[in-house]
$ cat structure32.txt   # compact mmCIF, C-alpha atoms
# COMPACT_ATOMS: atom_id res chain seq x y z
CA MET A 42 -14.69 65.20 -54.17
CA GLN A 43 -15.19 68.54 -52.42
CA PHE A 44 -12.83 70.34 -50.06
CA ILE A 45 -13.19 72.89 -47.28
CA GLU A 46 -10.21 75.18 -46.71
CA HIS A 47 -8.81 75.66 -43.19
CA ALA A 48 -5.91 78.02 -42.51
CA VAL A 49 -3.30 76.59 -40.17
CA SER A 50 -1.09 79.70 -40.21
CA LYS A 51 -1.18 83.00 -42.06
CA ASP A 52 2.18 84.05 -40.64
CA ALA A 53 4.68 81.89 -42.51
CA PRO A 54 6.46 84.44 -44.73
CA SER A 55 7.39 82.99 -48.11
CA ALA A 56 6.30 79.53 -47.02
CA ARG A 57 8.28 77.09 -49.15
CA SER A 58 7.61 73.60 -47.81
CA VAL A 59 5.18 71.67 -45.65
CA PHE A 60 5.23 68.16 -44.22
CA ALA A 61 2.65 66.08 -42.32
CA ALA A 62 3.62 63.79 -39.42
CA ASP A 63 2.63 62.92 -35.85
CA VAL A 64 5.34 65.06 -34.29
CA ASP A 65 4.27 64.60 -30.67
CA SER A 66 3.24 60.92 -30.95
CA ASP A 67 -0.29 61.52 -29.68
CA GLY A 68 -2.04 59.73 -32.54
CA ASP A 69 -3.06 62.70 -34.68
CA ILE A 70 -1.31 64.39 -37.59
CA ASP A 71 0.61 67.59 -37.03
CA LEU A 72 2.18 69.82 -39.67
CA LEU A 73 5.65 71.29 -40.20
CA SER A 74 6.69 74.20 -42.37
CA ALA A 75 9.81 75.88 -43.73
CA SER A 76 9.37 79.61 -44.40
CA GLU A 77 12.05 81.43 -46.33
CA GLY A 78 11.11 84.97 -45.34
CA ASP A 79 11.71 84.58 -41.60
CA ASP A 80 14.23 81.68 -41.67
CA THR A 81 11.83 79.58 -39.63
CA ILE A 82 11.18 75.90 -39.15
CA ALA A 83 7.91 75.47 -37.26
CA TRP A 84 5.48 72.76 -36.31
CA TYR A 85 1.76 73.08 -35.76
CA GLU A 86 0.34 70.88 -33.04
CA SER A 87 -3.06 69.34 -33.77
CA ASP A 88 -5.47 69.23 -30.83
CA GLY A 89 -7.19 66.16 -32.29
CA SER A 90 -10.61 67.78 -32.53
CA SER A 91 -12.83 67.63 -35.60
CA PRO A 92 -11.79 69.67 -37.47
CA PRO A 93 -8.49 70.04 -35.64
CA VAL A 94 -7.17 73.34 -34.29
CA PHE A 95 -3.41 73.90 -34.63
CA THR A 96 -1.00 75.63 -32.25
CA GLU A 97 2.21 76.97 -33.78
CA ARG A 98 5.48 76.01 -32.08
CA ILE A 99 8.82 77.32 -33.32
CA ILE A 100 11.67 74.85 -33.81
CA SER A 101 14.28 77.24 -35.27
CA THR A 102 14.60 80.77 -36.61
CA ASN A 103 18.14 80.45 -37.95
CA ALA A 104 17.60 78.39 -41.11
CA ASP A 105 18.70 81.18 -43.46
CA ALA A 106 16.21 81.13 -46.35
CA ALA A 107 14.59 77.88 -45.21
CA SER A 108 13.66 75.77 -48.24
CA CYS A 109 12.51 72.29 -47.20
CA VAL A 110 11.29 70.39 -44.13
CA PHE A 111 10.98 66.65 -43.45
CA ALA A 112 10.37 64.43 -40.41
CA ALA A 113 11.63 60.99 -39.35
CA ASP A 114 13.05 59.18 -36.32
CA LEU A 115 16.74 59.79 -36.96
CA ASP A 116 18.19 58.59 -33.66
CA GLY A 117 16.06 55.47 -33.21
CA ASP A 118 14.54 56.51 -29.89
CA GLY A 119 10.93 56.18 -31.04
CA ASP A 120 10.04 59.85 -31.41
CA VAL A 121 9.88 62.09 -34.46
CA ASP A 122 12.81 64.34 -35.29
CA VAL A 123 12.77 67.12 -37.89
CA LEU A 124 15.07 67.95 -40.82
CA SER A 125 15.55 71.12 -42.81
CA THR A 126 17.52 72.65 -45.65
CA SER A 127 18.25 76.35 -46.06
CA VAL A 128 19.63 78.02 -49.16
CA VAL A 129 21.65 81.03 -48.01
CA ASP A 130 23.62 79.33 -45.21
CA ASP A 131 24.03 76.11 -47.25
CA LYS A 132 22.80 74.15 -44.26
CA VAL A 133 21.24 70.76 -43.71
CA ALA A 134 20.19 70.35 -40.10
CA TRP A 135 18.22 68.00 -37.93
CA TYR A 136 16.36 68.86 -34.77
CA GLU A 137 16.41 66.17 -32.12
CA SER A 138 13.11 65.70 -30.29
CA ASP A 139 13.33 65.24 -26.53
CA GLY A 140 10.13 63.16 -26.59
CA ARG A 141 8.26 65.37 -24.13
CA THR A 142 4.67 66.64 -24.43
CA PRO A 143 4.97 68.89 -26.35
CA PRO A 144 8.51 68.08 -27.53
CA SER A 145 11.40 70.52 -27.59
CA PHE A 146 14.11 70.27 -30.23
CA THR A 147 17.90 70.56 -30.22
CA GLU A 148 19.47 71.67 -33.50
CA ARG A 149 22.30 69.55 -34.88
CA VAL A 150 24.02 70.59 -38.10
CA ILE A 151 24.65 67.83 -40.61
CA THR A 152 26.49 70.06 -43.07
CA SER A 153 26.90 73.77 -43.78
CA THR A 154 28.63 73.26 -47.14
CA ALA A 155 25.68 72.07 -49.25
CA ASP A 156 25.77 75.08 -51.58
CA GLY A 157 22.18 76.20 -52.10
CA ALA A 158 20.67 73.38 -50.02
CA VAL A 159 17.14 72.97 -51.35
CA SER A 160 15.70 69.51 -50.63
CA VAL A 161 15.96 66.77 -48.00
CA PHE A 162 14.58 63.24 -47.58
CA ALA A 163 15.11 60.61 -44.87
CA ILE A 164 15.27 56.85 -45.43
CA ASP A 165 17.54 53.88 -44.68
CA VAL A 166 19.72 54.02 -47.79
CA ASN A 167 22.20 51.25 -46.93
CA GLY A 168 19.85 48.82 -45.17
CA ASP A 169 21.60 48.84 -41.80
CA GLY A 170 18.49 49.76 -39.80
CA ALA A 171 19.46 53.41 -39.21
CA THR A 172 17.76 56.30 -40.98
CA ASP A 173 20.03 58.11 -43.41
CA ILE A 174 19.51 61.45 -45.14
CA VAL A 175 19.40 62.32 -48.84
CA THR A 176 19.99 65.94 -49.89
CA ALA A 177 20.01 68.19 -52.93
CA ALA A 178 22.30 71.24 -53.18
CA GLY A 179 21.23 73.31 -56.17
CA SER A 180 24.28 75.53 -56.58
CA ASP A 181 26.60 72.51 -56.35
CA ASN A 182 24.48 70.45 -58.78
CA GLU A 183 24.86 67.85 -56.06
CA VAL A 184 22.80 64.89 -54.92
CA ALA A 185 24.25 63.28 -51.80
CA TRP A 186 23.37 60.93 -48.99
CA HIS A 187 24.54 61.19 -45.42
CA GLU A 188 25.17 57.90 -43.68
CA ASN A 189 23.87 57.57 -40.12
CA ASP A 190 26.61 56.01 -37.96
CA GLY A 191 24.06 54.71 -35.42
CA GLY A 192 25.51 56.72 -32.55
CA SER A 193 23.60 58.53 -29.82
CA PRO A 194 23.14 61.14 -31.14
CA PRO A 195 24.08 59.93 -34.61
CA VAL A 196 26.81 61.47 -36.72
CA PHE A 197 26.27 61.66 -40.47
CA ILE A 198 28.94 60.91 -43.07
CA GLU A 199 28.44 62.62 -46.43
CA ARG A 200 28.66 60.47 -49.57
CA ILE A 201 28.25 62.03 -53.01
CA ILE A 202 25.82 60.41 -55.47
CA SER A 203 26.10 62.93 -58.32
CA THR A 204 27.45 66.40 -59.13
CA GLU A 205 25.81 66.49 -62.57
CA ALA A 206 22.21 67.38 -61.71
CA GLU A 207 22.33 70.95 -62.96
CA LEU A 208 20.60 73.22 -60.45
CA VAL A 209 18.96 70.25 -58.77
CA SER A 210 15.65 71.25 -57.20
CA SER A 211 14.11 68.12 -55.71
CA ILE A 212 15.00 64.61 -54.55
CA PHE A 213 13.11 61.47 -53.58
CA ALA A 214 14.17 57.98 -52.53
CA THR A 215 12.53 54.57 -52.92
CA ASP A 216 13.17 51.17 -54.50
CA VAL A 217 12.83 51.99 -58.20
CA ASP A 218 14.01 48.70 -59.72
CA GLY A 219 12.42 46.23 -57.30
CA ASP A 220 15.68 44.75 -56.00
CA SER A 221 14.88 45.61 -52.36
CA ASP A 222 17.42 48.38 -51.91
CA ILE A 223 16.86 52.14 -51.91
CA ASP A 224 17.49 54.13 -55.06
CA VAL A 225 17.45 57.94 -55.33
CA LEU A 226 15.67 60.24 -57.79
CA SER A 227 16.26 63.87 -58.73
CA ALA A 228 14.69 66.71 -60.69
CA SER A 229 17.06 69.38 -61.98
CA TRP A 230 16.20 72.75 -63.46
CA LEU A 231 18.96 73.71 -65.89
CA ASP A 232 19.25 70.39 -67.72
CA ASP A 233 15.48 69.64 -67.67
CA LYS A 234 16.34 66.24 -66.24
CA ILE A 235 14.51 63.59 -64.27
CA ALA A 236 16.97 60.91 -63.22
CA TRP A 237 17.27 57.97 -60.89
CA TYR A 238 20.42 56.69 -59.30
CA GLU A 239 20.59 52.94 -59.06
CA ASN A 240 21.85 51.57 -55.76
CA LEU A 241 24.51 49.03 -56.68
CA GLY A 242 24.87 47.61 -53.20
CA GLY A 243 28.13 47.41 -51.32
CA ASP A 244 29.17 48.96 -48.02
CA PRO A 245 28.71 51.85 -48.49
CA PRO A 246 26.59 51.43 -51.64
CA GLY A 247 27.63 52.95 -54.94
CA PHE A 248 25.20 54.60 -57.34
CA VAL A 249 24.97 54.91 -61.12
CA GLU A 250 22.85 57.56 -62.85
CA ARG A 251 20.00 56.46 -65.13
CA VAL A 252 18.26 59.27 -67.03
CA ILE A 253 14.48 59.05 -67.25
CA SER A 254 13.84 62.27 -69.20
CA THR A 255 15.59 65.42 -70.37
CA SER A 256 12.40 67.11 -71.59
CA ALA A 257 10.94 68.31 -68.28
CA ASP A 258 11.48 72.01 -69.01
CA ALA A 259 12.92 73.48 -65.78
CA ALA A 260 12.12 70.43 -63.66
CA THR A 261 11.07 71.44 -60.15
CA ALA A 262 9.80 68.31 -58.40
CA VAL A 263 10.00 64.53 -58.48
CA PHE A 264 7.93 61.84 -56.74
CA ALA A 265 7.63 58.07 -57.12
CA THR A 266 4.86 55.53 -56.51
CA ASP A 267 2.97 52.77 -58.31
CA LEU A 268 0.47 54.80 -60.33
CA ASP A 269 -0.89 52.02 -62.55
CA SER A 270 -1.15 49.28 -59.89
CA ASP A 271 1.10 46.85 -61.78
CA GLY A 272 3.48 46.29 -58.88
CA ASP A 273 6.41 48.45 -59.97
CA THR A 274 7.47 52.01 -59.17
CA ASP A 275 6.50 54.80 -61.55
CA VAL A 276 7.85 58.35 -61.41
CA LEU A 277 6.14 61.76 -61.40
CA SER A 278 7.49 65.20 -62.21
CA ALA A 279 6.49 68.85 -62.18
CA SER A 280 8.24 71.21 -64.58
CA PHE A 281 8.10 74.97 -64.45
CA LEU A 282 8.48 76.38 -67.94
CA ASP A 283 6.26 73.91 -69.82
CA ASN A 284 3.51 73.99 -67.14
CA ARG A 285 3.59 70.23 -67.08
CA ILE A 286 2.75 67.42 -64.69
CA ALA A 287 4.02 64.15 -66.15
CA TRP A 288 4.41 60.53 -65.16
CA TYR A 289 6.87 57.99 -66.38
CA GLU A 290 5.51 54.48 -66.61
CA ASN A 291 7.93 51.83 -65.41
CA GLN A 292 8.02 49.12 -68.07
CA GLY A 293 8.88 46.47 -65.49
CA ASN A 294 12.26 45.41 -66.80
CA PRO A 295 14.99 44.27 -64.36
CA GLN A 296 16.73 47.55 -65.19
CA PRO A 297 13.60 49.60 -65.74
CA THR A 298 12.91 51.82 -68.70
CA PHE A 299 10.19 54.45 -68.57
CA LEU A 300 7.46 55.58 -70.96
CA GLU A 301 6.67 59.27 -70.55
CA ARG A 302 3.02 60.26 -70.27
CA THR A 303 1.61 63.76 -69.76
CA ILE A 304 -1.01 64.38 -67.10
CA SER A 305 -1.40 68.15 -67.61
CA THR A 306 0.16 71.04 -69.52
CA THR A 307 -2.01 73.69 -67.87
CA ALA A 308 -0.41 73.79 -64.40
CA GLU A 309 1.07 77.24 -65.00
CA LEU A 310 4.60 77.34 -63.57
CA ALA A 311 4.21 73.91 -61.96
CA GLU A 312 6.15 73.78 -58.70
CA SER A 313 5.18 70.68 -56.70
CA VAL A 314 3.78 67.18 -57.27
CA PHE A 315 2.52 64.49 -54.89
CA ALA A 316 0.50 61.27 -55.14
CA ALA A 317 -2.18 59.72 -52.92
CA ASP A 318 -5.58 58.06 -53.23
CA VAL A 319 -7.69 61.21 -52.86
CA ASP A 320 -11.13 59.75 -53.60
CA GLY A 321 -10.74 56.41 -51.85
CA ASP A 322 -11.36 54.24 -54.91
CA GLY A 323 -8.13 52.26 -54.61
CA HIS A 324 -6.33 54.12 -57.41
CA VAL A 325 -3.45 56.52 -56.80
CA ASP A 326 -4.29 60.08 -57.81
CA VAL A 327 -1.89 62.98 -58.39
CA LEU A 328 -1.75 66.46 -56.83
CA SER A 329 0.03 69.61 -57.95
CA ALA A 330 0.76 73.16 -56.90
CA SER A 331 1.37 75.76 -59.62
CA LEU A 332 2.48 79.35 -59.11
CA LEU A 333 1.19 81.46 -61.98
CA ASP A 334 -2.41 80.26 -61.83
CA ASP A 335 -2.41 80.10 -57.98
CA THR A 336 -3.79 76.58 -58.16
CA ILE A 337 -3.88 73.48 -56.00
CA ALA A 338 -5.27 70.68 -58.15
CA TRP A 339 -5.72 66.93 -58.09
CA TYR A 340 -5.89 64.61 -61.06
CA GLU A 341 -8.29 61.73 -60.71
CA ASN A 342 -6.92 58.36 -61.79
CA ASP A 343 -9.58 56.62 -63.89
CA GLY A 344 -8.18 53.15 -63.18
CA SER A 345 -7.68 52.16 -66.80
CA SER A 346 -4.49 50.60 -68.16
CA PRO A 347 -2.59 52.84 -68.52
CA PRO A 348 -4.58 55.23 -66.36
CA GLY A 349 -5.93 58.53 -67.60
CA PHE A 350 -6.18 61.53 -65.31
CA ILE A 351 -9.00 64.06 -64.96
CA GLU A 352 -8.08 67.46 -63.52
CA ARG A 353 -10.06 68.64 -60.50
CA ILE A 354 -9.38 72.07 -58.99
CA ILE A 355 -9.22 72.31 -55.20
CA ARG A 356 -8.41 76.05 -55.08
CA ASP A 357 -7.37 78.52 -57.77
CA ASP A 358 -6.79 81.57 -55.56
CA VAL A 359 -3.84 80.44 -53.43
CA ASP A 360 -1.27 83.17 -53.98
CA LEU A 361 1.91 81.46 -55.28
CA PRO A 362 1.50 77.96 -53.84
CA GLU A 363 4.91 76.30 -53.45
CA TRP A 364 4.16 72.86 -52.04
CA VAL A 365 1.41 70.27 -51.79
CA VAL A 366 1.15 67.07 -49.76
CA ALA A 367 -1.70 64.77 -48.71
CA ALA A 368 -2.56 63.22 -45.34
CA ASP A 369 -5.60 62.39 -43.21
CA MET A 370 -5.52 65.55 -41.10
CA ASP A 371 -8.76 65.01 -39.19
CA GLY A 372 -8.60 61.26 -38.63
CA ASP A 373 -11.82 60.49 -40.49
CA GLY A 374 -10.28 57.94 -42.84
CA ASP A 375 -10.08 59.97 -46.05
CA THR A 376 -7.27 61.91 -47.70
CA ASP A 377 -7.02 65.64 -47.07
CA VAL A 378 -4.64 68.04 -48.82
CA VAL A 379 -2.10 70.49 -47.38
CA SER A 380 -0.34 73.41 -49.06
CA ALA A 381 2.28 76.09 -48.41
CA ALA A 382 1.94 79.42 -50.22
CA ARG A 383 4.64 82.04 -50.68
CA VAL A 384 2.71 85.31 -51.09
CA ASP A 385 -0.23 84.26 -48.93
CA THR A 386 2.37 83.47 -46.20
CA GLU A 387 0.01 80.61 -45.46
CA VAL A 388 -0.01 76.99 -44.47
CA ALA A 389 -3.48 75.58 -45.11
CA TRP A 390 -5.25 72.26 -45.27
CA TYR A 391 -8.23 71.30 -47.36
CA GLU A 392 -10.70 69.00 -45.67
CA ASN A 393 -12.00 66.22 -47.90
CA VAL A 394 -15.76 66.21 -47.39
CA GLY A 395 -16.57 63.65 -50.05
CA PRO A 396 -18.79 63.85 -53.14
CA ASP A 397 -20.93 66.90 -53.79
CA VAL A 398 -24.09 66.87 -51.64
CA ILE A 399 -26.75 69.36 -50.60
CA PHE A 400 -27.02 70.08 -46.88
CA SER A 401 -30.20 71.08 -45.06
CA ASP A 402 -29.03 74.71 -44.88
CA GLY A 403 -29.04 74.87 -48.69
CA PHE A 404 -25.28 75.04 -49.16
CA GLU A 405 -23.55 72.56 -51.38
CA SER A 406 -20.50 70.82 -49.93
CA GLY A 407 -18.39 72.59 -52.54
CA ASP A 408 -19.51 76.04 -51.41
CA THR A 409 -16.42 76.91 -49.37
CA SER A 410 -17.51 80.54 -48.93
CA ALA A 411 -19.79 79.35 -46.15
CA TRP A 412 -17.40 76.84 -44.63
CA SER A 413 -13.86 78.24 -44.73
CA SER A 414 -12.29 78.70 -41.32
CA THR A 415 -9.25 80.60 -40.13
CA VAL A 416 -7.22 79.50 -37.14
CA PRO A 417 -5.64 82.48 -35.30

$ encode --input "structure32.txt" --output "structure tokens"
Amino acid sequence: MQFIEHAVSKDAPSARSVFAADVDSDGDIDLLSASEGDDTIAWYESDGSSPPVFTERIISTNADAASCVFAADLDGDGDVDVLSTSVVDDKVAWYESDGRTPPSFTERVITSTADGAVSVFAIDVNGDGATDIVTAAGSDNEVAWHENDGGSPPVFIERIISTEAELVSSIFATDVDGDSDIDVLSASWLDDKIAWYENLGGDPPGFVERVISTSADAATAVFATDLDSDGDTDVLSASFLDNRIAWYENQGNPQPTFLERTISTTAELAESVFAADVDGDGHVDVLSASLLDDTIAWYENDGSSPPGFIERIIRDDVDLPEWVVAADMDGDGDTDVVSAARVDTEVAWYENVGPDVIFSDGFESGDTSAWSSTVP
């Protein structure tokens, strides 16, 4: 697969996080970013063209050292709201969309006591039909969820899951054990730990920690999906000091155990991990962003049992890439890639143009020097 780079913004200082969602409900995919250097949460409106052009719209400039951005319908009114964490002001906030075209947003603070707030995720944790929020506060070593009370606008009640994820850096939530409720996962830096927290049910649910690994040296990111197509949820991690992208194969037990498998040890200072079917072959591939080698890469799933992964470089000149996600940005049915880069101050997307071919002008599809575009 070959990719053409398109810059969405070159003015996102110390861009830390990016998220893809249809923010304005017009049928195409927009982007959101959190940039630490200017304390900004922004969204970039797609015009729906091919390739799309993006217009930057500011949501907030008072997320002090913005660290993460996410999007979900938090108030159940059918439009997309935005969430953020910011490290210096210890804040988790949501921005209520007014549903207009384009939408405006009203900031609502969920908490300002999440010490070193670094990661946020939205999902219905307790199965009551309202979207709750899961957060990670690195300085508190804290993983928490915030229960949506279903009000208009909703109020969120903090409930602690763990205070033993040492310098927690990333969280994710999904059904890990196949019992139809939502479990939570974390990656934590100081204890090199990848863990999941089993939802025990109840109202509100309780959680018990289950350790997957303590050998992810300075764990920076966690993700979960079914990588080997056997019907259960596997786990992915990125770890900083061992340059490693790893996956943990769910063995399918009622209380799952995991077999650790390495995808790469050459993602130098690995920072982010994501999973999607990049090449459209029905197998879930893996993506990473790594700081020291300035690389956005994907790892092709070969479909065997267990799958092997072949590294493919998308770009190796992205200056300190912090985050990678995948989405169909141009509506053509294939999976594109999006990144946020700290030193480049850039949010960019990489258009999937399919297998390598020769065009009539003599350029190969992989020759991005002739194709790269910059959006003002």

$ atom_distance --input "structure32.txt" --atom1 "CA of Val159 in chain A" --atom2 "CA of Asp357 in chain A"
25.9 Å

$ residues_around --input "structure32.txt" --residues "Leu361 in chain A" --least-positions-apart "5" --cutoff "6 Å" --atoms "only C-alpha atoms" --output "number ranges by chain"
A: 332, 335, 382-384

$ write_last_selection --input "structure32.txt" --atoms "C-alpha atoms" --output "PDB file, keeping the file's coordinate frame"
ATOM      1  CA  LEU A 332       2.480  79.350 -59.110  1.00  0.00           C
ATOM      2  CA  ASP A 335      -2.410  80.100 -57.980  1.00  0.00           C
ATOM      3  CA  ALA A 382       1.940  79.420 -50.220  1.00  0.00           C
ATOM      4  CA  ARG A 383       4.640  82.040 -50.680  1.00  0.00           C
ATOM      5  CA  VAL A 384       2.710  85.310 -51.090  1.00  0.00           C
TER       6      VAL A 384
END

$ residues_around --input "structure32.txt" --residues "range 223-226 of chain A" --least-positions-apart "3" --cutoff "9 Å" --atoms "all atoms listed in the file" --output "list in words"
Ile164, Asp165, Val166, Asn167, Gly168, Val175, Val184, Ile202, Ser211, Ile212, Phe213, Ala214, Thr215, Asp216, Val217, Asp218, Asp220, Ile235, Ala236, Trp237, Tyr238, Glu239, Asn240, Leu241, Phe248, Val263, Phe264, Ala265 and Val276 of chain A

$ closest_residue --input "structure32.txt" --among "A:Ile198, A:Ile99, A:Ala389, A:Val121" --to "Pro245 in chain A" --atoms "all atoms listed in the file"
A:Ile198

$ atom_distance --input "structure32.txt" --atom1 "CA of Ala155 in chain A" --atom2 "CA of Leu282 in chain A"
25.8 Å

$ atom_distance --input "structure32.txt" --atom1 "CA of Pro195 in chain A" --atom2 "CA of Ala113 in chain A"
13.4 Å

$ closest_residue --input "structure32.txt" --among "A:Thr204, A:Thr147, A:Ser193, A:Thr376" --to "Ala171 in chain A" --atoms "only C-alpha atoms"
A:Ser193

$ residues_around --input "structure32.txt" --residues "Thr176 in chain A" --least-positions-apart "5" --cutoff "6 Å" --atoms "all atoms listed in the file" --output "list in words"
Ser160, Val161, Val184 and Ala185 of chain A

$ axis_aligned_box --input "structure32.txt" --around "range 164-172 of chain A" --padding-each-side "6 Å" --output "JSON"
{"center_x": 18.7, "center_y": 52.8, "center_z": -43.5, "size_x": 18.9, "size_y": 20.0, "size_z": 20.6}

$ residues_around --input "structure32.txt" --residues "Tyr289 in chain A" --least-positions-apart "4" --cutoff "7 Å" --atoms "only C-alpha atoms" --output "PDB file with C-alpha atoms, keeping the file's coordinate frame"
ATOM      1  CA  ASP A 275       6.500  54.800 -61.550  1.00  0.00           C
ATOM      2  CA  VAL A 276       7.850  58.350 -61.410  1.00  0.00           C
ATOM      3  CA  LEU A 277       6.140  61.760 -61.400  1.00  0.00           C
ATOM      4  CA  PHE A 299      10.190  54.450 -68.570  1.00  0.00           C
ATOM      5  CA  LEU A 300       7.460  55.580 -70.960  1.00  0.00           C
ATOM      6  CA  GLU A 301       6.670  59.270 -70.550  1.00  0.00           C
ATOM      7  CA  ARG A 302       3.020  60.260 -70.270  1.00  0.00           C
TER       8      ARG A 302
END

$ residues_around --input "structure32.txt" --residues "range 55-59 of chain A" --least-positions-apart "4" --cutoff "7 Å" --atoms "all atoms listed in the file" --output "VMD selection string"
chain A and resid 72 to 78 108 to 110 363 to 364 380 to 384 386 to 387

$ closest_residue --input "structure32.txt" --among "A:Leu124, A:Val249, A:Ala206, A:Met42" --to "Arg353 in chain A" --atoms "only C-alpha atoms"
A:Met42
